[in-house]
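Dropping start.cif in here (mmCIF, C-alpha atoms and all ligand atoms):
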```cif
data_entry
loop_
_atom_site.group_PDB
_atom_site.id
_atom_site.type_symbol
_atom_site.label_atom_id
_atom_site.label_comp_id
_atom_site.auth_asym_id
_atom_site.auth_seq_id
_atom_site.Cartn_x
_atom_site.Cartn_y
_atom_site.Cartn_z
ATOM 1 C CA MET A 10 -7.446 45.951 29.085
ATOM 2 C CA LYS A 11 -8.853 42.588 28.017
ATOM 3 C CA LYS A 12 -9.868 40.426 30.936
ATOM 4 C CA ILE A 13 -9.300 36.696 30.579
ATOM 5 C CA ALA A 14 -10.562 33.644 32.450
ATOM 6 C CA VAL A 15 -9.044 30.188 32.029
ATOM 7 C CA PHE A 16 -11.097 26.981 32.163
ATOM 8 C CA ALA A 17 -9.357 23.696 32.998
ATOM 9 C CA SER A 18 -10.589 20.281 34.091
ATOM 10 C CA GLY A 19 -7.427 18.695 35.467
ATOM 11 C CA ASN A 20 -3.712 19.303 35.608
ATOM 12 C CA GLY A 21 -3.593 22.945 34.547
ATOM 13 C CA SER A 22 -0.065 23.231 33.166
ATOM 14 C CA ASN A 23 -1.297 25.469 30.332
ATOM 15 C CA PHE A 24 -3.127 27.596 32.876
ATOM 16 C CA GLN A 25 0.106 27.998 34.815
ATOM 17 C CA VAL A 26 2.068 29.077 31.745
ATOM 18 C CA ILE A 27 -0.637 31.635 30.918
ATOM 19 C CA ALA A 28 -0.948 32.927 34.489
ATOM 20 C CA GLU A 29 2.805 33.418 34.788
ATOM 21 C CA GLN A 30 2.725 35.772 31.808
ATOM 22 C CA PHE A 31 -0.734 37.383 31.818
ATOM 23 C CA PRO A 32 -3.092 38.632 34.506
ATOM 24 C CA VAL A 33 -5.823 35.986 34.815
ATOM 25 C CA GLU A 34 -9.069 37.214 36.350
ATOM 26 C CA PHE A 35 -9.994 33.742 37.559
ATOM 27 C CA VAL A 36 -9.687 30.065 36.776
ATOM 28 C CA PHE A 37 -12.749 27.845 36.581
ATOM 29 C CA SER A 38 -12.724 24.075 36.935
ATOM 30 C CA ASP A 39 -15.579 21.640 36.433
ATOM 31 C CA HIS A 40 -13.866 19.316 38.933
ATOM 32 C CA ARG A 41 -13.597 20.340 42.564
ATOM 33 C CA ASP A 42 -10.469 18.246 43.111
ATOM 34 C CA ALA A 43 -8.605 19.324 39.963
ATOM 35 C CA TYR A 44 -4.893 20.013 40.376
ATOM 36 C CA VAL A 45 -5.322 23.301 38.515
ATOM 37 C CA LEU A 46 -6.993 24.687 41.658
ATOM 38 C CA LYS A 47 -3.804 24.096 43.663
ATOM 39 C CA ARG A 48 -1.779 25.828 40.974
ATOM 40 C CA ALA A 49 -4.203 28.771 41.133
ATOM 41 C CA GLU A 50 -3.764 29.025 44.869
ATOM 42 C CA GLN A 51 0.026 28.986 44.540
ATOM 43 C CA LEU A 52 -0.150 31.734 41.931
ATOM 44 C CA SER A 53 -2.756 33.726 43.914
ATOM 45 C CA VAL A 54 -5.261 33.542 41.071
ATOM 46 C CA PRO A 55 -8.905 33.402 42.242
ATOM 47 C CA SER A 56 -10.630 30.153 41.388
ATOM 48 C CA TYR A 57 -14.123 28.721 41.157
ATOM 49 C CA ALA A 58 -15.135 25.109 40.867
ATOM 50 C CA PHE A 59 -18.464 23.413 40.501
ATOM 51 C CA GLU A 60 -19.567 20.247 38.779
ATOM 52 C CA LEU A 61 -22.201 19.517 36.176
ATOM 53 C CA ARG A 62 -23.713 16.797 38.375
ATOM 54 C CA GLU A 63 -24.536 19.420 41.022
ATOM 55 C CA PHE A 64 -27.060 21.002 38.648
ATOM 56 C CA ASP A 65 -30.382 19.803 37.255
ATOM 57 C CA SER A 66 -29.232 20.266 33.673
ATOM 58 C CA LYS A 67 -26.305 21.323 31.525
ATOM 59 C CA THR A 68 -28.290 24.477 30.788
ATOM 60 C CA ALA A 69 -28.407 25.372 34.489
ATOM 61 C CA TYR A 70 -24.688 24.554 34.850
ATOM 62 C CA GLU A 71 -23.770 26.750 31.901
ATOM 63 C CA GLU A 72 -26.015 29.559 33.147
ATOM 64 C CA ALA A 73 -23.970 29.544 36.362
ATOM 65 C CA VAL A 74 -20.743 29.620 34.342
ATOM 66 C CA ALA A 75 -22.043 32.470 32.156
ATOM 67 C CA ALA A 76 -23.109 34.412 35.277
ATOM 68 C CA LEU A 77 -19.567 34.134 36.637
ATOM 69 C CA LEU A 78 -18.143 35.421 33.364
ATOM 70 C CA ALA A 79 -20.581 38.330 33.297
ATOM 71 C CA GLU A 80 -19.971 39.195 36.934
ATOM 72 C CA HIS A 81 -16.233 39.466 36.236
ATOM 73 C CA GLN A 82 -16.774 41.211 32.882
ATOM 74 C CA ILE A 83 -14.609 38.662 31.100
ATOM 75 C CA ASP A 84 -13.658 39.523 27.514
ATOM 76 C CA LEU A 85 -12.008 36.254 26.533
ATOM 77 C CA VAL A 86 -12.479 32.716 27.821
ATOM 78 C CA CYS A 87 -9.398 30.536 27.373
ATOM 79 C CA LEU A 88 -10.112 26.815 27.455
ATOM 80 C CA ALA A 89 -6.980 24.911 28.445
ATOM 81 C CA GLY A 90 -7.757 21.270 29.028
ATOM 82 C CA TYR A 91 -11.443 21.974 29.751
ATOM 83 C CA MET A 92 -12.790 18.574 28.802
ATOM 84 C CA LYS A 93 -16.453 19.442 28.286
ATOM 85 C CA ILE A 94 -18.192 20.351 25.090
ATOM 86 C CA VAL A 95 -19.326 23.957 25.288
ATOM 87 C CA GLY A 96 -23.105 23.795 25.019
ATOM 88 C CA PRO A 97 -25.647 26.151 23.447
ATOM 89 C CA THR A 98 -26.223 28.165 26.645
ATOM 90 C CA LEU A 99 -22.611 29.221 27.070
ATOM 91 C CA LEU A 100 -22.146 29.653 23.327
ATOM 92 C CA ALA A 101 -25.183 31.922 23.076
ATOM 93 C CA ALA A 102 -23.667 34.153 25.735
ATOM 94 C CA TYR A 103 -20.019 34.009 24.659
ATOM 95 C CA GLU A 104 -19.548 32.731 21.073
ATOM 96 C CA GLY A 105 -16.722 34.646 19.430
ATOM 97 C CA ARG A 106 -15.088 35.159 22.804
ATOM 98 C CA ILE A 107 -14.037 31.570 23.620
ATOM 99 C CA ILE A 108 -10.800 29.986 22.426
ATOM 100 C CA ASN A 109 -9.398 26.502 22.964
ATOM 101 C CA ILE A 110 -6.044 24.779 22.721
ATOM 102 C CA HIS A 111 -5.940 21.346 21.137
ATOM 103 C CA PRO A 112 -2.894 19.037 21.160
ATOM 104 C CA ALA A 113 -2.972 18.180 17.438
ATOM 105 C CA TYR A 114 -2.933 19.934 14.079
ATOM 106 C CA LEU A 115 -6.676 20.338 13.477
ATOM 107 C CA PRO A 116 -8.624 19.141 11.591
ATOM 108 C CA GLU A 117 -6.353 16.148 12.181
ATOM 109 C CA PHE A 118 -7.038 14.160 15.366
ATOM 110 C CA PRO A 119 -9.879 16.060 17.058
ATOM 111 C CA GLY A 120 -11.408 14.857 20.331
ATOM 112 C CA ALA A 121 -10.211 14.057 23.811
ATOM 113 C CA HIS A 122 -7.075 12.055 22.861
ATOM 114 C CA GLY A 123 -5.329 14.100 20.200
ATOM 115 C CA ILE A 124 -1.800 13.107 21.213
ATOM 116 C CA GLU A 125 -2.442 9.374 21.598
ATOM 117 C CA ASP A 126 -4.496 9.272 18.391
ATOM 118 C CA ALA A 127 -1.693 10.848 16.348
ATOM 119 C CA TRP A 128 0.799 8.461 17.954
ATOM 120 C CA GLN A 129 -1.330 5.364 17.310
ATOM 121 C CA ALA A 130 -1.926 6.430 13.710
ATOM 122 C CA GLY A 131 1.852 6.535 13.200
ATOM 123 C CA ALA A 132 1.615 10.106 11.880
ATOM 124 C CA ALA A 133 5.014 11.513 10.850
ATOM 125 C CA GLU A 134 3.990 14.823 12.378
ATOM 126 C CA SER A 135 1.257 16.242 14.528
ATOM 127 C CA GLY A 136 1.043 19.648 16.149
ATOM 128 C CA VAL A 137 -0.885 22.069 18.315
ATOM 129 C CA THR A 138 -3.828 24.325 17.440
ATOM 130 C CA VAL A 139 -5.537 27.270 19.093
ATOM 131 C CA HIS A 140 -8.986 27.883 17.623
ATOM 132 C CA TRP A 141 -12.251 29.696 18.224
ATOM 133 C CA VAL A 142 -14.880 27.524 19.882
ATOM 134 C CA ASP A 143 -18.098 26.799 18.023
ATOM 135 C CA SER A 144 -20.794 24.173 18.502
ATOM 136 C CA GLY A 145 -18.694 21.352 17.030
ATOM 137 C CA VAL A 146 -15.955 19.301 18.642
ATOM 138 C CA ASP A 147 -12.681 21.054 17.755
ATOM 139 C CA THR A 148 -14.178 22.476 14.543
ATOM 140 C CA GLY A 149 -13.959 26.244 15.095
ATOM 141 C CA LYS A 150 -11.870 28.607 12.990
ATOM 142 C CA VAL A 151 -8.138 28.141 13.531
ATOM 143 C CA ILE A 152 -6.304 31.127 15.016
ATOM 144 C CA LYS A 153 -2.791 29.696 14.947
ATOM 145 C CA GLN A 154 -1.211 26.258 14.733
ATOM 146 C CA VAL A 155 2.261 24.776 14.729
ATOM 147 C CA ARG A 156 3.647 21.481 13.535
ATOM 148 C CA VAL A 157 5.457 19.094 15.874
ATOM 149 C CA PRO A 158 7.295 16.255 14.141
ATOM 150 C CA ARG A 159 7.461 12.746 15.505
ATOM 151 C CA LEU A 160 11.129 11.905 15.916
ATOM 152 C CA ALA A 161 12.613 8.485 15.245
ATOM 153 C CA ALA A 162 13.747 8.203 18.863
ATOM 154 C CA ASP A 163 10.380 9.285 20.284
ATOM 155 C CA THR A 164 8.465 7.342 22.855
ATOM 156 C CA LEU A 165 4.857 8.361 23.425
ATOM 157 C CA GLU A 166 6.038 10.106 26.576
ATOM 158 C CA ARG A 167 8.690 12.160 24.784
ATOM 159 C CA PHE A 168 6.315 12.962 21.939
ATOM 160 C CA GLU A 169 3.770 14.129 24.501
ATOM 161 C CA GLU A 170 6.365 16.317 26.214
ATOM 162 C CA ARG A 171 7.270 18.016 22.947
ATOM 163 C CA ILE A 172 3.594 18.608 22.114
ATOM 164 C CA HIS A 173 3.104 20.219 25.530
ATOM 165 C CA ALA A 174 6.241 22.338 25.083
ATOM 166 C CA ALA A 175 4.747 23.602 21.799
ATOM 167 C CA GLU A 176 1.484 24.402 23.622
ATOM 168 C CA TYR A 177 3.352 26.489 26.176
ATOM 169 C CA GLN A 178 4.780 28.599 23.332
ATOM 170 C CA LEU A 179 1.634 28.812 21.235
ATOM 171 C CA TYR A 180 -0.990 29.838 23.792
ATOM 172 C CA PRO A 181 0.849 32.950 25.036
ATOM 173 C CA ALA A 182 1.666 33.938 21.428
ATOM 174 C CA VAL A 183 -2.033 33.737 20.517
ATOM 175 C CA LEU A 184 -3.078 35.749 23.574
ATOM 176 C CA GLU A 185 -0.619 38.481 22.616
ATOM 177 C CA SER A 186 -1.889 38.460 19.033
ATOM 178 C CA LEU A 187 -5.438 38.909 20.336
ATOM 179 C CA GLY A 188 -4.396 41.988 22.275
ATOM 180 C CA VAL A 189 -4.229 40.521 25.778
ATOM 181 C CA GLU A 190 -1.689 42.566 27.702
ATOM 182 C CA LYS A 191 1.139 40.891 29.569
ATOM 183 C CA ARG A 192 1.603 41.486 33.261
HETATM 184 C C1 LIG B 201 -3.556 19.931 26.930
HETATM 185 O O1 LIG B 201 -2.647 19.133 26.212
HETATM 186 C C2 LIG B 201 -4.679 20.404 26.034
HETATM 187 O O2 LIG B 201 -4.257 20.687 24.735
HETATM 188 C C3 LIG B 201 -5.597 19.224 26.047
HETATM 189 O O3 LIG B 201 -5.610 18.816 27.399
HETATM 190 C C4 LIG B 201 -4.316 19.054 27.956
HETATM 191 C C5 LIG B 201 -4.481 19.753 29.268
HETATM 192 O O4 LIG B 201 -3.257 19.832 29.944
HETATM 193 N N1 LIG B 201 -6.906 19.539 25.566
HETATM 194 C C6 LIG B 201 -7.639 18.732 24.802
HETATM 195 O O5 LIG B 201 -7.300 17.603 24.503
HETATM 196 C C7 LIG B 201 -8.944 19.320 24.324
HETATM 197 N N2 LIG B 201 -9.515 18.515 23.286
HETATM 198 P P1 LIG B 201 -3.071 20.842 31.147
HETATM 199 O O6 LIG B 201 -4.290 20.666 32.061
HETATM 200 O O7 LIG B 201 -1.809 20.418 31.834
HETATM 201 O O8 LIG B 201 -2.999 22.229 30.585
#
```
Rewrite the structure of this file - the entire thing - as structure tokens.
Ligand code: GAR
Amino acid sequence: MKKIAVFASGNGSNFQVIAEQFPVEFVFSDHRDAYVLKRAEQLSVPSYAFELREFDSKTAYEEAVAALLAEHQIDLVCLAGYMKIVGPTLLAAYEGRIINIHPAYLPEFPGAHGIEDAWQAGAAESGVTVHWVDSGVDTGKVIKQVRVPRLAADTLERFEERIHAAEYQLYPAVLESLGVEKR
């Protein structure tokens, strides 16, 4: 059975959708006060949190993260709103075993504000992408992506909601396609 860990920096709604359908070994957050940690507690999923600033370097931080993954024998790391660039230390240990969800149709609108950027650009459609993580920012090989149109009646808020709804469908579908067993 493939063991997964989910990494999230804030809200954790994607984590929750995943954890309700798949056994999650643990959730990791790079923010000790992230809401995702409360969700984990409610769902009885073990969690870990530590912050980059608590370490001397990003290398030391990522060594601690990699140690956690090794200790739990994690097969697949699922980034879900983990707002840090994965650095060389973690990549060296786990490249090919880290996936990420991005709220746009890559390579369109990469970066930290995919939804707002598509909205501001007036794009007729955007989407959601799950991709393998490499050393670039949202550049890794696409696993699966779906289009989400911008509707005439959309506000940014409604557009955002529909993007998130698409995420909640796409991430579980990708996990299943990668052979992660449901609970
Ligand atoms: C999600 O929309 C995810 O795609 C996005 O952060 C949000 C996290 O929401 N990630 C990125 O923008 C990565 N570039 P959540 O914490 O409620 O799952």
So that I can see what lies close to Val26 of chain A, please list as a list in words the residues with an atom at most 8 Å from it, counting all atoms listed in the file and leaving out residues fewer than 4 positions away in the same chain. Ser22, Gln30, Tyr177 and Pro181 of chain A
Kindly work out which residues sit at most 8 Å from ligand LIG 201 (chain B), using all atoms listed in the file, and give the list as a VMD selection string. chain A and resid 17 to 25 45 89 to 92 109 to 113 119 to 124 137 146 to 147 172 to 173 176
Taking the file as shown, what set of residues would the PyMOL selection byres (((chain A and resi 55-59) around 8) and not hetatm) give back, as a list in words? Glu34, Phe35, Val36, Phe37, Ser38, Asp39, His40, Arg41, Leu46, Ala49, Glu50, Ser53, Val54, Glu60, Leu61 and Glu63 of chain A
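Atom pair atom CA of Glu169 of chain A / atom CA of Gly96 of chain A: separated by 28.6 Å.
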For the file shown, report as a VMD selection string the outcome of the PyMOL selection byres (((chain A and resi 101-106) around 12) and not hetatm) at residue level. chain A and resid 11 to 14 68 71 to 79 82 to 88 95 to 100 107 to 109 140 to 144 149 to 150 152 187
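Here atom CA of Ser135 of chain A is placed at a distance of 21.9 Å from atom CA of Leu184 of chain A.
The nearest approach to Phe16 of chain A among the residues A:Arg159, A:Lys93, A:Arg192, A:Arg167, with all atoms listed in the file taken into account, belongs to A:Lys93.
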At what distance in Å, to one decimal, does atom CA of Leu115 of chain A lie from atom CA of Val139 of chain A? 9.0 Å
List, as an MDAnalysis selection string, every residue that the PyMOL selection byres (((chain A and resi 160) around 12) and not hetatm) selects in the file provided. chainID A and resid 128 131:135 157:159 161:169 171:172
